[in-house]
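**Q** My structure is below; once you've seen it, I'll send some questions.
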Amino acid sequence: MTLADRYARVNASLPPRVKLIAVSKTRTVAEIQALYDLGHRAFGENYPQELRDKQPLLPADIEWHFIGHLQTNKVKYIAPFVHLVHAVDSERLLDELEKRAAAAGRTIGFLWQAHVARETTKHGLLPDELRATIQRTAGSDRWPHLQARGLMGMSTNTDDHGQVEREFAALEALFLELRGSGHADAARFTELSMGMSSDAQLAIAHGSTMVRIGTALFGERP
Ligand SMILES: *Cc1c(COP(=O)(O)O)cnc(C)c1O
């Protein structure tokens, strides 16, 4: 199957309300350009230096999503152009993003990463930490160049369908609770980023608004 075939197949599987983030970590500039030439604009990367190196080699109207764990000392590499940071899990990271966004004269959107998966290695805030963090941060004037746009989450990497479904259901419930809780950022708190190649349909069934898909578009990663 060609890239065009896979792109068509992925697009056909997504309802119009769901945005496709093409995950291009480890992919070459030529592979990304090929998907761009098919009309795609939203790409997701996991590694700051890799994104910093690729971005200037590709069209300026690409919307870059940073979907990996972001260390504060790497924020500077992506702040001048990143569109949405999907995996924020600390106020310390917000402070650094704010500093770099202000320096670049930009406003940067971000998602809080929620941790509901069973794996202990996954990053993100537990539901109670997230509730408390949003209480503290929503509407604060400490981060004028940042906008909280919603939640991001990942399911446990398992063949147990039921467990993945319970985790997506938990993320959906948390998202709806936080969006509906009337905090100061609620009007912009509209995005739920969940679902990858293997579990996108389950995520969509649980209200995902953004799926992050790599393998189903580009094939297995090298
Ligand atoms: C790599 C990655 C994806 C894409 O995974 P595929 O299985 O290739 O679709 C999605 N989200 C995150 C956070 C990733 O690191």
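How things are named: the first chain in the structure tokens is A, the next is B, and so on; residues count from 1 in each chain; ligands count from 1 in the order shown.
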Give me the residues within 7 Å of segment 64-71 of chain A as a short mmCIF file (atom, residue, chain, number, x, y, z; two decimals) with N, CA, C and O atoms, in the first residue's frame, counting only C-alpha atoms and dropping any in the same chain fewer than 6 places off.
**A**
data_model
loop_
_atom_site.label_atom_id
_atom_site.label_comp_id
_atom_site.auth_asym_id
_atom_site.auth_seq_id
_atom_site.Cartn_x
_atom_site.Cartn_y
_atom_site.Cartn_z
N ALA A 42 -1.03 18.78 9.91
CA ALA A 42 -0.77 18.64 11.35
C ALA A 42 0.11 17.42 11.61
O ALA A 42 -0.26 16.29 11.31
N PHE A 43 1.30 17.68 12.16
CA PHE A 43 2.27 16.61 12.43
C PHE A 43 2.68 16.64 13.89
O PHE A 43 2.73 17.70 14.51
N GLY A 44 2.98 15.45 14.43
CA GLY A 44 3.38 15.34 15.83
C GLY A 44 4.76 14.73 15.96
O GLY A 44 5.09 13.75 15.28
N GLU A 45 5.57 15.31 16.84
CA GLU A 45 6.93 14.81 17.08
C GLU A 45 7.14 14.63 18.59
O GLU A 45 6.51 15.30 19.41
N ASN A 46 8.08 13.73 18.93
CA ASN A 46 8.34 13.41 20.33
C ASN A 46 9.65 13.94 20.88
O ASN A 46 9.82 13.95 22.09
N TYR A 47 10.60 14.25 20.01
CA TYR A 47 11.94 14.59 20.48
C TYR A 47 12.28 16.01 20.05
O TYR A 47 12.28 16.33 18.86
N VAL A 82 6.15 25.89 17.88
CA VAL A 82 5.23 24.78 18.19
C VAL A 82 3.79 25.29 18.31
O VAL A 82 3.53 26.39 18.82
N HIS A 83 2.85 24.47 17.82
CA HIS A 83 1.44 24.88 17.83
C HIS A 83 0.74 24.44 19.12
O HIS A 83 0.01 25.21 19.74
N LEU A 84 0.94 23.17 19.50
CA LEU A 84 0.28 22.65 20.70
C LEU A 84 1.22 21.66 21.38
O LEU A 84 1.77 20.77 20.73
N VAL A 85 1.40 21.83 22.69
CA VAL A 85 2.22 20.91 23.48
C VAL A 85 1.26 19.96 24.20
O VAL A 85 0.45 20.40 25.03
N HIS A 86 1.30 18.67 23.85
CA HIS A 86 0.27 17.74 24.32
C HIS A 86 0.48 17.18 25.73
O HIS A 86 -0.45 16.61 26.27
N ALA A 87 1.69 17.22 26.25
CA ALA A 87 1.95 16.41 27.44
C ALA A 87 2.54 17.21 28.59
O ALA A 87 3.59 16.88 29.11
#
**Q** Using only C-alpha atoms and all ligand atoms, find each residue in chain A having at least one atom no more than 6 Å away from ligand 1; report its shortest atom-to-atom pair and that distance in Å (one decimal), rows by chain then rising number, as CSV.
**A**
residue,atom,partner,partner_atom_place_in_ligand_line,distance
A:Val23,CA,ligand 1,4 (C),5.4
A:Ile67,CA,ligand 1,13 (C),5.1
A:Gly68,CA,ligand 1,13 (C),5.3
A:Met196,CA,ligand 1,9 (O),4.2
A:Ser197,CA,ligand 1,9 (O),3.6
A:Ser198,CA,ligand 1,7 (O),6.0
A:Arg212,CA,ligand 1,10 (C),4.5
A:Ile213,CA,ligand 1,9 (O),3.7
A:Gly214,CA,ligand 1,8 (O),3.5
A:Thr215,CA,ligand 1,8 (O),3.7
**Q** Those selected residues, please, written with N, CA and C atoms and delivered as a short mmCIF file (atom, residue, chain, number, x, y, z; two decimals), in the first residue's frame.
**A**
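Written file, result-v7.cif:
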data_model
loop_
_atom_site.label_atom_id
_atom_site.label_comp_id
_atom_site.auth_asym_id
_atom_site.auth_seq_id
_atom_site.Cartn_x
_atom_site.Cartn_y
_atom_site.Cartn_z
N VAL A 23 1.94 11.32 13.29
CA VAL A 23 3.12 11.22 14.16
C VAL A 23 4.34 10.85 13.32
N ILE A 67 4.27 15.91 21.13
CA ILE A 67 3.44 14.93 21.83
C ILE A 67 4.20 14.12 22.86
N GLY A 68 5.52 14.32 22.96
CA GLY A 68 6.33 13.52 23.87
C GLY A 68 6.47 14.20 25.22
N MET A 196 -4.02 6.09 19.31
CA MET A 196 -2.88 5.92 18.42
C MET A 196 -3.30 4.90 17.35
N SER A 197 -2.35 4.43 16.57
CA SER A 197 -2.72 3.51 15.48
C SER A 197 -3.55 2.32 15.98
N SER A 198 -3.14 1.75 17.10
CA SER A 198 -3.75 0.50 17.55
C SER A 198 -5.07 0.69 18.27
N ARG A 212 -3.43 10.57 17.50
CA ARG A 212 -2.01 10.71 17.14
C ARG A 212 -1.59 9.42 16.47
N ILE A 213 -1.45 9.46 15.15
CA ILE A 213 -1.26 8.21 14.41
C ILE A 213 0.02 8.25 13.59
N GLY A 214 0.90 7.26 13.85
CA GLY A 214 2.14 7.16 13.12
C GLY A 214 2.17 5.95 12.22
N THR A 215 2.22 4.78 12.85
CA THR A 215 2.42 3.52 12.12
C THR A 215 1.38 3.29 11.03
#
**Q** If you count only C-alpha atoms, which residues fall within 12 Å of Ala173 of chain A, apart from same-chain ones fewer than 2 positions away, as a PyMOL selection string?
**A** chain A and resi 114+116+127+151+166-171+175-181+192+206-208
**Q** Might you pull out every residue within 10 Å of Arg17 of chain A, with only C-alpha atoms counted and same-chain residues fewer than 2 positions away left off, and present them as a ChimeraX atom specification?
**A** /A:14-15,19-20,204,207-210
**Q** Atom CA of Val211 of chain A and atom CA of Phe81 of chain A, how far apart in Å?
**A**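 For atom CA of Phe81 of chain A relative to atom CA of Val211 of chain A, the distance reads 21.0 Å.
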**Q** As a short mmCIF file (atom, residue, chain, number, x, y, z; two decimals) with N, CA, C and O atoms, in the first residue's frame, list the residues of segment 13-207 of chain A assigned to helix (DSSP H, G or I) by DSSP on the backbone atoms of this structure.
**A**
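File produced: selection.cif:
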data_model
loop_
_atom_site.label_atom_id
_atom_site.label_comp_id
_atom_site.auth_asym_id
_atom_site.auth_seq_id
_atom_site.Cartn_x
_atom_site.Cartn_y
_atom_site.Cartn_z
N VAL A 29 12.53 13.83 6.47
CA VAL A 29 11.91 15.03 5.93
C VAL A 29 11.15 14.70 4.64
O VAL A 29 10.06 15.21 4.40
N ALA A 30 11.72 13.81 3.83
CA ALA A 30 11.05 13.45 2.56
C ALA A 30 9.72 12.74 2.82
O ALA A 30 8.73 12.98 2.10
N GLU A 31 9.67 11.90 3.84
CA GLU A 31 8.40 11.21 4.16
C GLU A 31 7.34 12.22 4.63
O GLU A 31 6.17 12.11 4.28
N ILE A 32 7.78 13.16 5.44
CA ILE A 32 6.84 14.17 5.94
C ILE A 32 6.36 15.05 4.78
O ILE A 32 5.17 15.33 4.63
N GLN A 33 7.32 15.43 3.93
CA GLN A 33 6.97 16.26 2.77
C GLN A 33 5.95 15.54 1.87
O GLN A 33 5.03 16.15 1.32
N ALA A 34 6.11 14.22 1.74
CA ALA A 34 5.19 13.46 0.89
C ALA A 34 3.76 13.51 1.44
O ALA A 34 2.79 13.65 0.67
N LEU A 35 3.62 13.43 2.76
CA LEU A 35 2.27 13.51 3.33
C LEU A 35 1.74 14.95 3.24
O LEU A 35 0.55 15.17 3.00
N TYR A 36 2.62 15.89 3.42
CA TYR A 36 2.25 17.30 3.22
C TYR A 36 1.72 17.51 1.80
O TYR A 36 0.69 18.16 1.60
N ASP A 37 2.40 16.92 0.84
CA ASP A 37 2.00 17.10 -0.57
C ASP A 37 0.65 16.45 -0.86
O ASP A 37 -0.01 16.81 -1.84
N PRO A 48 12.58 16.89 21.05
CA PRO A 48 12.76 18.31 20.74
C PRO A 48 13.85 18.60 19.70
O PRO A 48 13.64 19.38 18.78
N GLN A 49 15.01 17.95 19.84
CA GLN A 49 16.08 18.26 18.89
C GLN A 49 15.74 17.78 17.49
O GLN A 49 16.05 18.44 16.50
N GLU A 50 15.08 16.62 17.42
CA GLU A 50 14.68 16.11 16.11
C GLU A 50 13.70 17.08 15.45
O GLU A 50 13.84 17.40 14.26
N LEU A 51 12.76 17.58 16.21
CA LEU A 51 11.79 18.54 15.66
C LEU A 51 12.49 19.85 15.27
O LEU A 51 12.24 20.39 14.19
N ARG A 52 13.37 20.32 16.14
CA ARG A 52 14.10 21.56 15.83
C ARG A 52 14.87 21.43 14.50
O ARG A 52 14.93 22.36 13.70
N ASP A 53 15.46 20.26 14.28
CA ASP A 53 16.25 20.06 13.07
C ASP A 53 15.39 19.92 11.82
O ASP A 53 15.77 20.36 10.73
N LYS A 54 14.23 19.30 11.95
CA LYS A 54 13.39 19.07 10.77
C LYS A 54 12.58 20.31 10.36
O LYS A 54 12.34 20.55 9.18
N GLN A 55 12.13 21.05 11.37
CA GLN A 55 11.16 22.13 11.12
C GLN A 55 11.61 23.11 10.02
O GLN A 55 10.83 23.43 9.12
N PRO A 56 12.87 23.59 10.05
CA PRO A 56 13.26 24.57 9.02
C PRO A 56 13.36 23.99 7.62
O PRO A 56 13.42 24.73 6.64
N LEU A 57 13.39 22.66 7.52
CA LEU A 57 13.53 22.00 6.22
C LEU A 57 12.18 21.71 5.57
O LEU A 57 12.12 21.19 4.46
N THR A 72 12.25 20.64 30.68
CA THR A 72 12.30 22.10 30.66
C THR A 72 13.49 22.62 29.86
O THR A 72 13.36 23.63 29.16
N ASN A 73 14.63 21.93 29.93
CA ASN A 73 15.81 22.45 29.22
C ASN A 73 15.72 22.27 27.71
O ASN A 73 16.61 22.74 26.98
N LYS A 74 14.66 21.63 27.21
CA LYS A 74 14.49 21.45 25.76
C LYS A 74 13.40 22.35 25.19
O LYS A 74 13.21 22.37 23.97
N VAL A 75 12.70 23.06 26.04
CA VAL A 75 11.57 23.88 25.57
C VAL A 75 12.04 24.90 24.54
O VAL A 75 11.35 25.19 23.56
N LYS A 76 13.23 25.42 24.75
CA LYS A 76 13.75 26.47 23.86
C LYS A 76 13.83 26.03 22.40
O LYS A 76 13.74 26.85 21.50
N TYR A 77 13.99 24.74 22.16
CA TYR A 77 14.14 24.26 20.79
C TYR A 77 12.84 24.35 20.00
O TYR A 77 12.86 24.40 18.77
N ILE A 78 11.72 24.32 20.68
CA ILE A 78 10.45 24.22 19.95
C ILE A 78 9.52 25.42 20.16
O ILE A 78 8.59 25.62 19.39
N GLU A 91 3.80 22.53 36.75
CA GLU A 91 3.79 23.99 36.68
C GLU A 91 5.19 24.52 36.36
O GLU A 91 5.33 25.58 35.77
N ARG A 92 6.20 23.76 36.71
CA ARG A 92 7.57 24.13 36.37
C ARG A 92 7.74 24.17 34.84
O ARG A 92 8.39 25.06 34.30
N LEU A 93 7.13 23.21 34.18
CA LEU A 93 7.19 23.20 32.71
C LEU A 93 6.40 24.39 32.15
O LEU A 93 6.83 25.03 31.19
N LEU A 94 5.28 24.72 32.77
CA LEU A 94 4.54 25.91 32.33
C LEU A 94 5.39 27.16 32.46
O LEU A 94 5.36 28.03 31.58
N ASP A 95 6.13 27.28 33.56
CA ASP A 95 6.96 28.46 33.76
C ASP A 95 7.98 28.60 32.63
O ASP A 95 8.21 29.69 32.10
N GLU A 96 8.59 27.50 32.25
CA GLU A 96 9.58 27.55 31.17
C GLU A 96 8.91 27.84 29.83
O GLU A 96 9.42 28.63 29.02
N LEU A 97 7.78 27.19 29.57
CA LEU A 97 7.04 27.46 28.33
C LEU A 97 6.63 28.94 28.26
O LEU A 97 6.72 29.57 27.20
N GLU A 98 6.20 29.49 29.38
CA GLU A 98 5.79 30.89 29.42
C GLU A 98 6.97 31.81 29.07
O GLU A 98 6.85 32.71 28.25
N LYS A 99 8.10 31.52 29.68
CA LYS A 99 9.29 32.35 29.44
C LYS A 99 9.66 32.33 27.96
O LYS A 99 9.90 33.37 27.35
N ARG A 100 9.65 31.14 27.38
CA ARG A 100 10.07 31.01 25.97
C ARG A 100 9.00 31.52 25.02
O ARG A 100 9.32 32.05 23.94
N ALA A 101 7.73 31.36 25.36
CA ALA A 101 6.66 31.88 24.50
C ALA A 101 6.70 33.41 24.51
O ALA A 101 6.56 34.05 23.46
N ALA A 102 6.91 33.99 25.68
CA ALA A 102 6.98 35.45 25.80
C ALA A 102 8.16 35.97 24.97
O ALA A 102 8.04 36.94 24.23
N ALA A 103 9.31 35.30 25.08
CA ALA A 103 10.49 35.73 24.34
C ALA A 103 10.26 35.68 22.84
O ALA A 103 10.79 36.49 22.08
N ALA A 104 9.47 34.70 22.41
CA ALA A 104 9.19 34.54 20.98
C ALA A 104 7.99 35.39 20.55
O ALA A 104 7.63 35.39 19.36
N PRO A 127 -5.56 11.72 38.46
CA PRO A 127 -6.78 12.53 38.45
C PRO A 127 -6.86 13.55 39.59
O PRO A 127 -7.20 14.72 39.33
N ASP A 128 -6.53 13.16 40.81
CA ASP A 128 -6.62 14.13 41.91
C ASP A 128 -5.58 15.24 41.79
O ASP A 128 -5.86 16.39 42.11
N GLU A 129 -4.39 14.87 41.32
CA GLU A 129 -3.36 15.90 41.10
C GLU A 129 -3.81 16.88 40.01
O GLU A 129 -3.59 18.09 40.09
N LEU A 130 -4.46 16.32 39.00
CA LEU A 130 -4.92 17.15 37.89
C LEU A 130 -6.01 18.11 38.35
O LEU A 130 -5.99 19.30 38.00
N ARG A 131 -6.94 17.61 39.12
CA ARG A 131 -8.01 18.50 39.65
C ARG A 131 -7.39 19.65 40.44
O ARG A 131 -7.75 20.81 40.26
N ALA A 132 -6.44 19.31 41.30
CA ALA A 132 -5.83 20.34 42.14
C ALA A 132 -5.01 21.32 41.30
O ALA A 132 -5.04 22.53 41.53
N THR A 133 -4.30 20.77 40.31
CA THR A 133 -3.46 21.63 39.47
C THR A 133 -4.32 22.61 38.68
O THR A 133 -3.98 23.78 38.54
N ILE A 134 -5.43 22.12 38.14
CA ILE A 134 -6.29 23.01 37.36
C ILE A 134 -6.94 24.05 38.26
O ILE A 134 -7.06 25.22 37.89
N GLN A 135 -7.31 23.66 39.46
CA GLN A 135 -7.83 24.65 40.43
C GLN A 135 -6.82 25.77 40.65
O GLN A 135 -7.17 26.95 40.68
N ARG A 136 -5.55 25.39 40.79
CA ARG A 136 -4.50 26.37 41.08
C ARG A 136 -4.16 27.23 39.88
O ARG A 136 -3.83 28.40 40.02
N THR A 137 -4.18 26.63 38.67
CA THR A 137 -3.59 27.32 37.53
C THR A 137 -4.59 28.02 36.63
O THR A 137 -4.24 29.00 35.97
N HIS A 161 -8.28 -5.46 25.53
CA HIS A 161 -9.22 -4.47 25.01
C HIS A 161 -10.02 -3.80 26.12
O HIS A 161 -10.23 -2.60 26.13
N GLY A 162 -10.46 -4.63 27.06
CA GLY A 162 -11.30 -4.13 28.15
C GLY A 162 -10.56 -3.11 28.99
O GLY A 162 -11.13 -2.09 29.39
N GLN A 163 -9.28 -3.38 29.23
CA GLN A 163 -8.52 -2.42 30.04
C GLN A 163 -8.32 -1.10 29.30
O GLN A 163 -8.49 -0.02 29.88
N VAL A 164 -7.98 -1.19 28.00
CA VAL A 164 -7.82 0.04 27.22
C VAL A 164 -9.12 0.83 27.23
O VAL A 164 -9.14 2.05 27.42
N GLU A 165 -10.23 0.12 27.06
CA GLU A 165 -11.52 0.79 27.04
C GLU A 165 -11.82 1.47 28.38
O GLU A 165 -12.31 2.60 28.42
N ARG A 166 -11.52 0.79 29.48
CA ARG A 166 -11.76 1.41 30.80
C ARG A 166 -10.90 2.66 30.97
O ARG A 166 -11.34 3.66 31.55
N GLU A 167 -9.67 2.60 30.46
CA GLU A 167 -8.78 3.77 30.61
C GLU A 167 -9.28 4.95 29.77
O GLU A 167 -9.29 6.09 30.23
N PHE A 168 -9.72 4.67 28.55
CA PHE A 168 -10.27 5.76 27.73
C PHE A 168 -11.56 6.31 28.34
O PHE A 168 -11.81 7.52 28.30
N ALA A 169 -12.37 5.43 28.90
CA ALA A 169 -13.60 5.88 29.57
C ALA A 169 -13.25 6.78 30.75
O ALA A 169 -13.91 7.80 31.00
N ALA A 170 -12.19 6.41 31.48
CA ALA A 170 -11.76 7.23 32.63
C ALA A 170 -11.25 8.60 32.17
O ALA A 170 -11.54 9.63 32.79
N LEU A 171 -10.51 8.60 31.07
CA LEU A 171 -10.02 9.88 30.53
C LEU A 171 -11.17 10.76 30.07
O LEU A 171 -11.19 11.97 30.31
N GLU A 172 -12.13 10.13 29.41
CA GLU A 172 -13.29 10.90 28.92
C GLU A 172 -14.05 11.52 30.10
O GLU A 172 -14.42 12.70 30.07
N ALA A 173 -14.27 10.72 31.13
CA ALA A 173 -15.03 11.21 32.29
C ALA A 173 -14.27 12.36 32.97
O ALA A 173 -14.87 13.37 33.36
N LEU A 174 -12.95 12.21 33.07
CA LEU A 174 -12.15 13.25 33.69
C LEU A 174 -12.19 14.53 32.85
O LEU A 174 -12.34 15.65 33.38
N PHE A 175 -12.07 14.36 31.55
CA PHE A 175 -12.12 15.51 30.64
C PHE A 175 -13.46 16.24 30.78
O PHE A 175 -13.50 17.47 30.93
N LEU A 176 -14.55 15.49 30.75
CA LEU A 176 -15.88 16.12 30.83
C LEU A 176 -16.07 16.80 32.19
O LEU A 176 -16.62 17.90 32.27
N GLU A 177 -15.57 16.15 33.23
CA GLU A 177 -15.67 16.76 34.56
C GLU A 177 -14.90 18.08 34.61
O GLU A 177 -15.43 19.10 35.06
N LEU A 178 -13.67 18.06 34.11
CA LEU A 178 -12.83 19.26 34.20
C LEU A 178 -13.35 20.37 33.29
O LEU A 178 -13.35 21.53 33.63
N ARG A 179 -13.82 19.97 32.11
CA ARG A 179 -14.37 20.96 31.18
C ARG A 179 -15.63 21.60 31.76
O ARG A 179 -15.87 22.79 31.58
N GLY A 180 -16.41 20.78 32.46
CA GLY A 180 -17.68 21.27 32.98
C GLY A 180 -17.59 21.91 34.35
O GLY A 180 -18.59 22.39 34.89
N ALA A 186 -12.30 27.17 31.08
CA ALA A 186 -13.24 26.19 30.54
C ALA A 186 -13.65 26.46 29.08
O ALA A 186 -13.82 25.52 28.30
N ALA A 187 -13.79 27.74 28.71
CA ALA A 187 -14.28 28.04 27.36
C ALA A 187 -13.34 27.51 26.28
O ALA A 187 -13.77 27.15 25.19
N ARG A 188 -12.05 27.45 26.58
CA ARG A 188 -11.08 26.98 25.59
C ARG A 188 -10.69 25.52 25.80
O ARG A 188 -9.89 24.97 25.07
N ALA A 200 -7.15 3.83 18.11
CA ALA A 200 -7.84 5.08 17.75
C ALA A 200 -9.36 4.93 17.77
O ALA A 200 -10.07 5.82 18.24
N GLN A 201 -9.86 3.79 17.28
CA GLN A 201 -11.32 3.67 17.21
C GLN A 201 -11.95 3.62 18.61
O GLN A 201 -13.01 4.23 18.84
N LEU A 202 -11.27 2.94 19.53
CA LEU A 202 -11.78 2.93 20.91
C LEU A 202 -11.75 4.33 21.51
O LEU A 202 -12.66 4.75 22.21
N ALA A 203 -10.67 5.05 21.23
CA ALA A 203 -10.53 6.41 21.75
C ALA A 203 -11.63 7.32 21.20
O ALA A 203 -12.23 8.12 21.93
N ILE A 204 -11.90 7.16 19.91
CA ILE A 204 -12.94 7.99 19.28
C ILE A 204 -14.31 7.68 19.89
O ILE A 204 -15.12 8.58 20.13
N ALA A 205 -14.54 6.40 20.17
CA ALA A 205 -15.81 6.01 20.80
C ALA A 205 -15.95 6.66 22.18
O ALA A 205 -17.06 6.79 22.70
#
**Q** Just checking: using only C-alpha atoms, which residue out of A:Asp89, A:Arg221, A:Ala216, A:Asp61 ends up closest to Thr2 of chain A?
**A**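 Looking at the shortest contact to Thr2 of chain A, the residue is A:Ala216.
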**Q** With only C-alpha atoms as the atoms that count, which of A:Leu111, A:Glu63, A:Ala4, A:Ala12 lies nearest to Leu38 of chain A?
**A**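 Closest to Leu38 of chain A of all the choices is A:Ala4.
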**Q** Could you work out how far atom CA of Ser155 of chain A lies from atom CA of His123 of chain A, giving the answer in Å with one decimal?
**A**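 One can read the atom CA of His123 of chain A to atom CA of Ser155 of chain A distance as 11.5 Å.
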**Q** Give me, please, the distance in Å between atom CA of Phe218 of chain A and atom CA of Ile21 of chain A, quoted to one decimal.
**A**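 Result for atom CA of Phe218 of chain A versus atom CA of Ile21 of chain A: 12.4 Å, one decimal.
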**Q** Name the closest residue to Ala184 of chain A among the candidates A:Thr107, A:Ser13, A:Asn157, A:Gln147; distances are taken between atoms, counting only C-alpha atoms.
**A** A:Gln147
